Structures are given as C-alpha cells and as structure tokens.
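Chemist: Sharing query-v1.pdb, PDB, C-alpha atoms and all ligand atoms:
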```pdb
ATOM      1  CA  MET A   1     -62.162  86.398  92.247  1.00  0.00           C
ATOM      2  CA  ASP A   2     -65.871  87.249  92.663  1.00  0.00           C
ATOM      3  CA  ILE A   3     -68.716  85.253  91.117  1.00  0.00           C
ATOM      4  CA  ASP A   4     -69.355  87.816  88.346  1.00  0.00           C
ATOM      5  CA  SER A   5     -65.760  87.750  87.122  1.00  0.00           C
ATOM      6  CA  LEU A   6     -65.694  83.956  87.292  1.00  0.00           C
ATOM      7  CA  SER A   7     -68.927  83.781  85.267  1.00  0.00           C
ATOM      8  CA  ASN A   8     -67.456  86.164  82.693  1.00  0.00           C
ATOM      9  CA  TYR A   9     -64.336  84.026  82.257  1.00  0.00           C
ATOM     10  CA  LEU A  10     -66.493  80.917  81.945  1.00  0.00           C
ATOM     11  CA  LEU A  11     -68.655  82.626  79.317  1.00  0.00           C
ATOM     12  CA  ILE A  12     -65.584  83.511  77.263  1.00  0.00           C
ATOM     13  CA  ILE A  13     -64.312  79.910  77.481  1.00  0.00           C
ATOM     14  CA  ILE A  14     -67.748  78.558  76.478  1.00  0.00           C
ATOM     15  CA  PHE A  15     -67.999  81.034  73.577  1.00  0.00           C
ATOM     16  CA  SER A  16     -64.500  80.061  72.358  1.00  0.00           C
ATOM     17  CA  LEU A  17     -65.165  76.314  72.592  1.00  0.00           C
ATOM     18  CA  PHE A  18     -68.498  76.742  70.803  1.00  0.00           C
ATOM     19  CA  THR A  19     -66.817  78.668  67.974  1.00  0.00           C
ATOM     20  CA  VAL A  20     -63.997  76.113  67.631  1.00  0.00           C
ATOM     21  CA  ILE A  21     -66.482  73.197  67.483  1.00  0.00           C
ATOM     22  CA  ARG A  22     -68.638  74.931  64.842  1.00  0.00           C
ATOM     23  CA  ILE A  23     -65.682  75.935  62.639  1.00  0.00           C
ATOM     24  CA  THR A  24     -64.026  72.495  62.904  1.00  0.00           C
ATOM     25  CA  TYR A  25     -67.109  70.555  61.796  1.00  0.00           C
ATOM     26  CA  TYR A  26     -68.223  73.065  59.141  1.00  0.00           C
ATOM     27  CA  ARG A  27     -64.781  72.980  57.556  1.00  0.00           C
ATOM     28  CA  ARG A  28     -64.840  69.190  57.611  1.00  0.00           C
ATOM     29  CA  ALA A  29     -68.289  69.071  55.971  1.00  0.00           C
ATOM     30  CA  ARG A  30     -67.278  71.670  53.383  1.00  0.00           C
ATOM     31  CA  LYS A  31     -64.036  69.866  52.562  1.00  0.00           C
ATOM     32  CA  ALA A  32     -66.052  66.769  51.667  1.00  0.00           C
ATOM     33  CA  GLY A  33     -67.149  68.939  48.699  1.00  0.00           C
ATOM     34  CA  TYR A  34     -70.623  67.572  48.066  1.00  0.00           C
ATOM     35  CA  LYS A  35     -72.869  69.614  45.805  1.00  0.00           C
ATOM     36  CA  THR A  36     -76.022  71.213  47.152  1.00  0.00           C
ATOM     37  CA  VAL A  37     -79.106  69.988  45.317  1.00  0.00           C
ATOM     38  CA  VAL A  38     -81.786  71.854  47.299  1.00  0.00           C
ATOM     39  CA  SER A  39     -81.224  74.904  49.483  1.00  0.00           C
ATOM     40  CA  GLU A  40     -83.473  77.286  51.363  1.00  0.00           C
ATOM     41  CA  SER A  41     -84.323  80.742  50.086  1.00  0.00           C
ATOM     42  CA  ARG A  42     -81.933  83.549  51.056  1.00  0.00           C
ATOM     43  CA  LYS A  43     -84.656  85.489  52.852  1.00  0.00           C
ATOM     44  CA  TYR A  44     -84.627  82.847  55.609  1.00  0.00           C
ATOM     45  CA  SER A  45     -80.855  82.540  55.882  1.00  0.00           C
ATOM     46  CA  ILE A  46     -80.599  86.341  56.280  1.00  0.00           C
ATOM     47  CA  TRP A  47     -82.723  86.166  59.457  1.00  0.00           C
ATOM     48  CA  LEU A  48     -80.328  83.592  60.882  1.00  0.00           C
ATOM     49  CA  SER A  49     -77.333  85.854  60.167  1.00  0.00           C
ATOM     50  CA  VAL A  50     -79.109  88.852  61.752  1.00  0.00           C
ATOM     51  CA  PHE A  51     -79.829  86.826  64.888  1.00  0.00           C
ATOM     52  CA  ILE A  52     -76.238  85.542  65.174  1.00  0.00           C
ATOM     53  CA  CYS A  53     -74.939  89.148  64.856  1.00  0.00           C
ATOM     54  CA  TYR A  54     -77.404  90.255  67.550  1.00  0.00           C
ATOM     55  CA  GLU A  55     -76.210  87.508  69.909  1.00  0.00           C
ATOM     56  CA  VAL A  56     -72.531  88.279  69.364  1.00  0.00           C
ATOM     57  CA  PHE A  57     -73.159  92.009  69.842  1.00  0.00           C
ATOM     58  CA  THR A  58     -75.140  91.606  73.086  1.00  0.00           C
ATOM     59  CA  PHE A  59     -72.661  88.998  74.358  1.00  0.00           C
ATOM     60  CA  PHE A  60     -69.694  91.345  74.050  1.00  0.00           C
ATOM     61  CA  SER A  61     -71.770  94.269  75.346  1.00  0.00           C
ATOM     62  CA  TYR A  62     -72.389  92.244  78.473  1.00  0.00           C
ATOM     63  CA  ILE A  63     -68.936  90.743  79.043  1.00  0.00           C
ATOM     64  CA  ASN A  64     -66.999  92.541  81.732  1.00  0.00           C
ATOM     65  CA  VAL A  65     -63.480  91.323  82.402  1.00  0.00           C
ATOM     66  CA  ARG A  66     -61.608  93.902  84.426  1.00  0.00           C
ATOM     67  CA  SER A  67     -58.360  91.981  84.546  1.00  0.00           C
ATOM     68  CA  LEU A  68     -58.254  92.072  80.731  1.00  0.00           C
ATOM     69  CA  ASN A  69     -59.208  95.758  80.732  1.00  0.00           C
ATOM     70  CA  TYR A  70     -62.371  94.863  78.860  1.00  0.00           C
ATOM     71  CA  TYR A  71     -65.540  96.077  80.520  1.00  0.00           C
ATOM     72  CA  PRO A  72     -68.212  97.727  78.391  1.00  0.00           C
ATOM     73  CA  GLN A  73     -70.990  96.858  80.922  1.00  0.00           C
ATOM     74  CA  LEU A  74     -73.694  98.108  78.582  1.00  0.00           C
ATOM     75  CA  LEU A  75     -76.368  95.792  79.951  1.00  0.00           C
ATOM     76  CA  THR A  76     -75.996  96.171  83.716  1.00  0.00           C
ATOM     77  CA  TRP A  77     -79.537  97.667  83.949  1.00  0.00           C
ATOM     78  CA  ALA A  78     -80.905  94.177  83.272  1.00  0.00           C
ATOM     79  CA  ASP A  79     -78.731  92.310  85.810  1.00  0.00           C
ATOM     80  CA  LEU A  80     -80.478  89.941  88.197  1.00  0.00           C
ATOM     81  CA  ASP A  81     -79.334  88.779  91.596  1.00  0.00           C
ATOM     82  CA  LEU A  82     -79.399  85.048  90.820  1.00  0.00           C
ATOM     83  CA  PRO A  83     -78.359  82.618  93.563  1.00  0.00           C
ATOM     84  CA  LEU A  84     -74.920  81.001  93.280  1.00  0.00           C
ATOM     85  CA  GLY A  85     -76.569  77.594  92.754  1.00  0.00           C
ATOM     86  CA  LEU A  86     -78.083  78.763  89.443  1.00  0.00           C
ATOM     87  CA  ARG A  87     -74.704  80.036  88.221  1.00  0.00           C
ATOM     88  CA  ILE A  88     -73.172  76.637  89.013  1.00  0.00           C
ATOM     89  CA  LEU A  89     -76.091  74.942  87.243  1.00  0.00           C
ATOM     90  CA  GLY A  90     -75.400  77.229  84.262  1.00  0.00           C
ATOM     91  CA  ALA A  91     -71.762  76.083  84.127  1.00  0.00           C
ATOM     92  CA  VAL A  92     -72.803  72.400  84.322  1.00  0.00           C
ATOM     93  CA  LEU A  93     -75.470  72.838  81.619  1.00  0.00           C
ATOM     94  CA  ALA A  94     -72.943  74.576  79.374  1.00  0.00           C
ATOM     95  CA  LEU A  95     -70.467  71.689  79.699  1.00  0.00           C
ATOM     96  CA  VAL A  96     -73.187  69.107  79.020  1.00  0.00           C
ATOM     97  CA  GLY A  97     -74.463  71.220  76.096  1.00  0.00           C
ATOM     98  CA  LEU A  98     -70.987  71.475  74.516  1.00  0.00           C
ATOM     99  CA  ALA A  99     -70.339  67.738  74.924  1.00  0.00           C
ATOM    100  CA  LEU A 100     -73.680  66.966  73.260  1.00  0.00           C
ATOM    101  CA  PHE A 101     -72.831  69.493  70.570  1.00  0.00           C
ATOM    102  CA  VAL A 102     -69.626  67.609  69.653  1.00  0.00           C
ATOM    103  CA  TRP A 103     -71.469  64.276  69.585  1.00  0.00           C
ATOM    104  CA  ILE A 104     -74.253  65.725  67.384  1.00  0.00           C
ATOM    105  CA  HIS A 105     -71.809  67.342  64.913  1.00  0.00           C
ATOM    106  CA  ARG A 106     -69.761  64.138  64.660  1.00  0.00           C
ATOM    107  CA  THR A 107     -72.877  62.072  64.023  1.00  0.00           C
ATOM    108  CA  LEU A 108     -74.342  64.416  61.395  1.00  0.00           C
ATOM    109  CA  GLY A 109     -70.952  64.444  59.623  1.00  0.00           C
ATOM    110  CA  ASP A 110     -70.951  65.716  56.037  1.00  0.00           C
ATOM    111  CA  ASN A 111     -74.710  66.346  56.115  1.00  0.00           C
ATOM    112  CA  LEU A 112     -74.088  69.350  58.358  1.00  0.00           C
ATOM    113  CA  SER A 113     -74.886  72.847  57.058  1.00  0.00           C
ATOM    114  CA  ALA A 114     -75.627  76.243  58.612  1.00  0.00           C
ATOM    115  CA  THR A 115     -78.521  76.951  56.284  1.00  0.00           C
ATOM    116  CA  LEU A 116     -80.994  74.308  55.210  1.00  0.00           C
ATOM    117  CA  ARG A 117     -79.781  72.228  52.299  1.00  0.00           C
ATOM    118  CA  ILE A 118     -79.834  68.788  50.781  1.00  0.00           C
ATOM    119  CA  LYS A 119     -76.525  67.660  49.276  1.00  0.00           C
ATOM    120  CA  ASP A 120     -76.126  65.284  46.343  1.00  0.00           C
ATOM    121  CA  ASN A 121     -75.053  62.336  48.496  1.00  0.00           C
ATOM    122  CA  HIS A 122     -77.070  63.313  51.573  1.00  0.00           C
ATOM    123  CA  THR A 123     -77.715  60.360  53.879  1.00  0.00           C
ATOM    124  CA  LEU A 124     -80.472  60.116  56.466  1.00  0.00           C
ATOM    125  CA  VAL A 125     -78.833  59.964  59.885  1.00  0.00           C
ATOM    126  CA  THR A 126     -80.837  57.932  62.404  1.00  0.00           C
ATOM    127  CA  VAL A 127     -78.140  56.871  64.863  1.00  0.00           C
ATOM    128  CA  GLY A 128     -76.548  58.338  68.007  1.00  0.00           C
ATOM    129  CA  PRO A 129     -78.546  61.334  69.259  1.00  0.00           C
ATOM    130  CA  TYR A 130     -80.663  61.109  66.082  1.00  0.00           C
ATOM    131  CA  ALA A 131     -81.987  57.676  67.101  1.00  0.00           C
ATOM    132  CA  LEU A 132     -84.491  59.272  69.493  1.00  0.00           C
ATOM    133  CA  ILE A 133     -84.602  62.975  68.556  1.00  0.00           C
ATOM    134  CA  ARG A 134     -84.985  64.539  65.091  1.00  0.00           C
ATOM    135  CA  HIS A 135     -83.439  67.909  66.024  1.00  0.00           C
ATOM    136  CA  PRO A 136     -80.896  67.290  68.796  1.00  0.00           C
ATOM    137  CA  MET A 137     -78.754  70.236  67.663  1.00  0.00           C
ATOM    138  CA  TYR A 138     -81.638  72.630  68.264  1.00  0.00           C
ATOM    139  CA  SER A 139     -82.232  71.024  71.686  1.00  0.00           C
ATOM    140  CA  ALA A 140     -78.534  71.556  72.486  1.00  0.00           C
ATOM    141  CA  PHE A 141     -78.919  75.209  71.427  1.00  0.00           C
ATOM    142  CA  TYR A 142     -81.745  75.600  73.967  1.00  0.00           C
ATOM    143  CA  LEU A 143     -79.575  74.020  76.658  1.00  0.00           C
ATOM    144  CA  LEU A 144     -76.698  76.397  75.868  1.00  0.00           C
ATOM    145  CA  HIS A 145     -79.050  79.403  75.857  1.00  0.00           C
ATOM    146  CA  ILE A 146     -80.404  78.458  79.301  1.00  0.00           C
ATOM    147  CA  ALA A 147     -76.793  78.042  80.494  1.00  0.00           C
ATOM    148  CA  VAL A 148     -75.854  81.496  79.169  1.00  0.00           C
ATOM    149  CA  PHE A 149     -78.884  83.020  80.919  1.00  0.00           C
ATOM    150  CA  PHE A 150     -77.859  81.539  84.286  1.00  0.00           C
ATOM    151  CA  LEU A 151     -74.224  82.543  83.827  1.00  0.00           C
ATOM    152  CA  THR A 152     -74.929  86.109  82.673  1.00  0.00           C
ATOM    153  CA  ALA A 153     -77.752  86.536  85.225  1.00  0.00           C
ATOM    154  CA  ASN A 154     -79.104  89.151  82.821  1.00  0.00           C
ATOM    155  CA  TRP A 155     -82.817  89.033  81.983  1.00  0.00           C
ATOM    156  CA  PHE A 156     -82.477  91.052  78.755  1.00  0.00           C
ATOM    157  CA  ILE A 157     -80.025  88.510  77.330  1.00  0.00           C
ATOM    158  CA  GLY A 158     -82.084  85.589  78.682  1.00  0.00           C
ATOM    159  CA  VAL A 159     -85.400  86.786  77.250  1.00  0.00           C
ATOM    160  CA  THR A 160     -84.290  88.171  73.862  1.00  0.00           C
ATOM    161  CA  TRP A 161     -81.967  85.244  73.074  1.00  0.00           C
ATOM    162  CA  MET A 162     -84.678  82.728  73.925  1.00  0.00           C
ATOM    163  CA  ILE A 163     -87.333  84.522  71.839  1.00  0.00           C
ATOM    164  CA  GLY A 164     -84.913  84.893  68.902  1.00  0.00           C
ATOM    165  CA  LEU A 165     -83.850  81.234  69.049  1.00  0.00           C
ATOM    166  CA  SER A 166     -87.465  80.056  69.231  1.00  0.00           C
ATOM    167  CA  LEU A 167     -88.459  82.191  66.216  1.00  0.00           C
ATOM    168  CA  ILE A 168     -85.523  80.921  64.142  1.00  0.00           C
ATOM    169  CA  ILE A 169     -86.270  77.300  65.059  1.00  0.00           C
ATOM    170  CA  LEU A 170     -89.994  77.787  64.404  1.00  0.00           C
ATOM    171  CA  LEU A 171     -89.143  79.183  60.963  1.00  0.00           C
ATOM    172  CA  ARG A 172     -86.751  76.316  60.194  1.00  0.00           C
ATOM    173  CA  VAL A 173     -88.113  73.063  61.507  1.00  0.00           C
ATOM    174  CA  SER A 174     -91.188  72.630  59.307  1.00  0.00           C
ATOM    175  CA  ARG A 175     -89.234  73.617  56.170  1.00  0.00           C
ATOM    176  CA  GLU A 176     -86.342  71.343  57.175  1.00  0.00           C
ATOM    177  CA  GLU A 177     -88.673  68.378  57.704  1.00  0.00           C
ATOM    178  CA  ALA A 178     -90.482  69.103  54.416  1.00  0.00           C
ATOM    179  CA  MET A 179     -87.088  69.063  52.617  1.00  0.00           C
ATOM    180  CA  LEU A 180     -86.078  65.786  54.251  1.00  0.00           C
ATOM    181  CA  LEU A 181     -89.489  64.238  53.504  1.00  0.00           C
ATOM    182  CA  GLU A 182     -89.132  65.269  49.871  1.00  0.00           C
ATOM    183  CA  ARG A 183     -85.656  63.693  49.698  1.00  0.00           C
ATOM    184  CA  PHE A 184     -86.137  60.542  51.811  1.00  0.00           C
ATOM    185  CA  GLY A 185     -89.909  59.956  51.495  1.00  0.00           C
ATOM    186  CA  GLU A 186     -91.221  56.958  53.410  1.00  0.00           C
ATOM    187  CA  ASP A 187     -87.889  56.433  55.226  1.00  0.00           C
ATOM    188  CA  TYR A 188     -88.181  59.866  56.841  1.00  0.00           C
ATOM    189  CA  ARG A 189     -91.900  59.380  57.556  1.00  0.00           C
ATOM    190  CA  THR A 190     -91.121  56.141  59.407  1.00  0.00           C
ATOM    191  CA  TYR A 191     -88.240  57.833  61.224  1.00  0.00           C
ATOM    192  CA  MET A 192     -90.622  60.644  62.296  1.00  0.00           C
ATOM    193  CA  ARG A 193     -93.002  58.122  63.821  1.00  0.00           C
ATOM    194  CA  ARG A 194     -90.448  56.701  66.192  1.00  0.00           C
ATOM    195  CA  THR A 195     -88.674  59.903  67.257  1.00  0.00           C
ATOM    196  CA  GLY A 196     -89.507  63.122  69.118  1.00  0.00           C
ATOM    197  CA  LYS A 197     -88.813  66.563  67.671  1.00  0.00           C
ATOM    198  CA  PHE A 198     -86.636  68.069  70.418  1.00  0.00           C
ATOM    199  CA  LEU A 199     -86.916  65.503  73.223  1.00  0.00           C
ATOM    200  CA  PRO A 200     -86.989  61.701  73.161  1.00  0.00           C
ATOM    201  CA  PRO A 201     -90.518  60.322  72.648  1.00  0.00           C
ATOM    202  CA  ILE A 202     -92.396  59.880  75.910  1.00  0.00           C
ATOM    203  CA  SER A 203     -93.750  56.422  75.203  1.00  0.00           C
ATOM    204  CA  PHE A 204     -92.192  53.646  73.221  1.00  0.00           C
ATOM    205  CA  SER A 205     -94.671  51.485  71.348  1.00  0.00           C
ATOM    206  CA  ARG A 206     -94.331  47.768  70.831  1.00  0.00           C
ATOM    207  CA  THR A 207     -94.491  47.918  67.049  1.00  0.00           C
ATOM    208  CA  PRO A 208     -91.504  49.587  65.404  1.00  0.00           C
ATOM    209  CA  ASP A 209     -93.751  51.584  63.064  1.00  0.00           C
ATOM    210  CA  SER A 210     -95.906  53.500  65.485  1.00  0.00           C
ATOM    211  CA  GLY A 211     -94.986  55.967  68.153  1.00  0.00           C
ATOM    212  CA  GLN A 212     -94.816  59.674  68.754  1.00  0.00           C
ATOM    213  CA  LEU A 213     -95.064  62.009  65.823  1.00  0.00           C
TER     214      LEU A 213
HETATM  215  N1  LIG B 301     -82.104  69.883  62.660  1.00  0.00           N
HETATM  216  C1  LIG B 301     -80.987  69.018  62.910  1.00  0.00           C
HETATM  217  C2  LIG B 301     -79.781  69.348  62.019  1.00  0.00           C
HETATM  218  C3  LIG B 301     -79.353  70.788  61.976  1.00  0.00           C
HETATM  219  S1  LIG B 301     -78.085  71.097  60.748  1.00  0.00           S
HETATM  220  C4  LIG B 301     -80.645  69.030  64.376  1.00  0.00           C
HETATM  221  O1  LIG B 301     -81.178  69.880  65.104  1.00  0.00           O
HETATM  222  O2  LIG B 301     -79.854  68.204  64.819  1.00  0.00           O
HETATM  223  C5  LIG B 301     -79.119  71.404  59.370  1.00  0.00           C
HETATM  224  C6  LIG B 301     -78.979  70.393  58.237  1.00  0.00           C
HETATM  225  O3  LIG B 301     -79.098  69.084  58.725  1.00  0.00           O
HETATM  226  C7  LIG B 301     -80.119  70.572  57.227  1.00  0.00           C
HETATM  227  O4  LIG B 301     -79.599  71.112  56.044  1.00  0.00           O
HETATM  228  C8  LIG B 301     -80.713  69.176  57.009  1.00  0.00           C
HETATM  229  O5  LIG B 301     -80.752  68.826  55.666  1.00  0.00           O
HETATM  230  C9  LIG B 301     -79.780  68.261  57.775  1.00  0.00           C
HETATM  231  N2  LIG B 301     -80.467  67.213  58.542  1.00  0.00           N
HETATM  232  C10 LIG B 301     -81.378  67.368  59.519  1.00  0.00           C
HETATM  233  N3  LIG B 301     -81.740  66.171  60.039  1.00  0.00           N
HETATM  234  C11 LIG B 301     -81.035  65.230  59.362  1.00  0.00           C
HETATM  235  C12 LIG B 301     -80.952  63.817  59.424  1.00  0.00           C
HETATM  236  N4  LIG B 301     -81.662  63.116  60.316  1.00  0.00           N
HETATM  237  N5  LIG B 301     -80.115  63.188  58.570  1.00  0.00           N
HETATM  238  C13 LIG B 301     -79.367  63.886  57.676  1.00  0.00           C
HETATM  239  N6  LIG B 301     -79.395  65.218  57.567  1.00  0.00           N
HETATM  240  C14 LIG B 301     -80.211  65.895  58.393  1.00  0.00           C
END
```
Take the structure in this file and express it as structure tokens.

Modeler:
Amino acid sequence: MDIDSLSNYLLIIIFSLFTVIRITYYRRARKAGYKTVVSESRKYSIWLSVFICYEVFTFFSYINVRSLNYYPQLLTWADLDLPLGLRILGAVLALVGLALFVWIHRTLGDNLSATLRIKDNHTLVTVGPYALIRHPMYSAFYLLHIAVFFLTANWFIGVTWMIGLSLIILLRVSREEAMLLERFGEDYRTYMRRTGKFLPPISFSRTPDSGQL
C-alpha cells in the first residue's frame, strides 16, 4: 500500500474516532439533563455549524480510497509533496490529540456543550488539563488540525481549516470567558491568573495568586 492510501485510511480512522468521542461525551452530558441558564446568541452558533459542514465537505472531497471504490479526488490541485517524516508526525500528533481529547471531555464532564452555555449546576473545572490551561479542548483542536494537514498533505485543507478554526476560536474565547466570569466571579478571575489560555503558563510565580493572565 502506498503512503497516500495509508494516510487516507488513517484519516478515516481518526475521523471515526473523533466522531465517536464527541457523540459519547455529548450524549452523556445531555443525559445529565441540566437546564441551560445562559446561552450564546444563535448568530454565533450558526457560524460554528457552517464551519463544521465546510470541514466535513472538504474532508470527503479529499479522501481517496480506491480499495473501497471511493475516490472523488476533488482537491488534488492543492496536493503537496510532503516528506514521509511529516506524514508520520501527523499520525503521531493525531493519536496524541485524540488521547488528550478523551481526557479533556472526561474532565469537563456534564459542563460540556457544543455552543457556549452555562447550566444551572455548572461547576468550575480547574483540575486535570484545566489545571494549567483554560481552553485545552481548543488546543487539542489545533493539534488535530495540524495532524490532518500533515496527513492530507494538501495546502488548501491546511490553510482554510486553520483560518476557519482560528476565526471560530477568536469569536468564542472572549465571550466564553466573559460568561464564566459572570457566573464564577472572583473564582474564575483567580483561576485566570494562574493558567494560560491555550498553553501552560510560561513562568510559575511563588504566590498562588499571581501568574500569567
Ligand atoms: N473552552 C474549553 C471548553 C470548551 S466546551 C476548552 O477549550 O477546553 C464549551 C463549554 O465549556 C462552554 O459552554 C463553557 O461554559 C464550558 N467551560 C469552559 N471552561 C470551563 C471550566 N473551566 N469549567 C467549567 N466549564 C467550562
């Protein structure tokens, strides 16, 4: 099997695992049945849906699995000749990204939601990946997007997915933090001081109350 076919199979496995993880934890959070007390306006959630549809559409336009008789190859004009090492790195990053994804979903538990919301018994999670980073799920999304770029070796997918993800996250993060500040007040402010947004804080201070914003 050549490297392109192998990458395509890997992409399908990664896509399937990603979908199973998301559905499993969303169903779990929804089953808990907590009421939403604050939720974001629909105009923002629509952009998220549009972006997800775009990603799914370009993903299946790219995928080319001859042995399954499925090969639309609509995006071959943007193919790059990436070295094998980067494809292997892509596979490793995808595995790490998915493992982190499970850990993050488990830790966030019933507070999880696709669109921004505060539920009636929302708790502030500050443990596990959230002990050092305020938005580990978004960091994991970046990791998975880099992995997909290396595995597809397609610059159109790499560039447009990365721009789309960055715009969505840019739109979300400040509103998400404002919502959490409104709900948890000083507790969230203190938590912000000792954590980084997408990466762990660079320097740890001696006093528990100061650090990176
Ligand atoms: N931005 C986070 C969570 C994404 S899921 C991350 O990247 O990991 C989105 C939901 O998580 C939002 O509705 C928000 O209310 C909730 N949320 C974000 N951070 C939280 C935290 N530290 N504790 C509890 N809920 C949180």

Chemist: Taking the file above as input, evaluate the PyMOL selection byres (((chain A and resi 76) around 10) and not hetatm) and report the hits as a VMD selection string.

Modeler: chain A and resid 61 to 62 64 72 to 75 77 to 80 153 to 154 156

Chemist: With distances taken over all atoms listed in the file, which residue among A:Tyr188, A:Phe141, A:Phe198, A:Pro136 lies nearest ligand LIG 301 (chain B)?

Modeler: A:Pro136

Chemist: At a cut-off of 7 Å around ligand LIG 301 (chain B), and using all atoms listed in the file, what residues come up? Please write them as a PyMOL selection string.

Modeler: chain A and resi 104+108+111-118+122-126+130+134-139+173+176+180

Chemist: Go ahead and compute the interatomic distance for atom CA of Ile133 of chain A and atom CA of Ile13 of chain A, in Å to one decimal.

Modeler: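 Separating atom CA of Ile133 of chain A from atom CA of Ile13 of chain A is a distance of 27.9 Å.
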
Chemist: Of the residues A:His145, A:Ser41, A:Arg22, A:Thr58, which is the one nearest to Arg175 of chain A, using all atoms listed in the file?

Modeler: A:Ser41

Chemist: Point out the residue among A:Val37, A:Ile163, A:Val50, A:Ile146 with the least atom-to-atom distance to Gly97 of chain A, counting all atoms listed in the file.

Modeler: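 Going through A:Val37, A:Ile163, A:Val50, A:Ile146 one by one, the smallest distance to Gly97 of chain A is for A:Ile146.
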
Chemist: With distances taken over all atoms listed in the file, which residue among A:Asp4, A:Ser45, A:Glu55, A:Arg193 lies nearest Val159 of chain A?

Modeler: A:Glu55
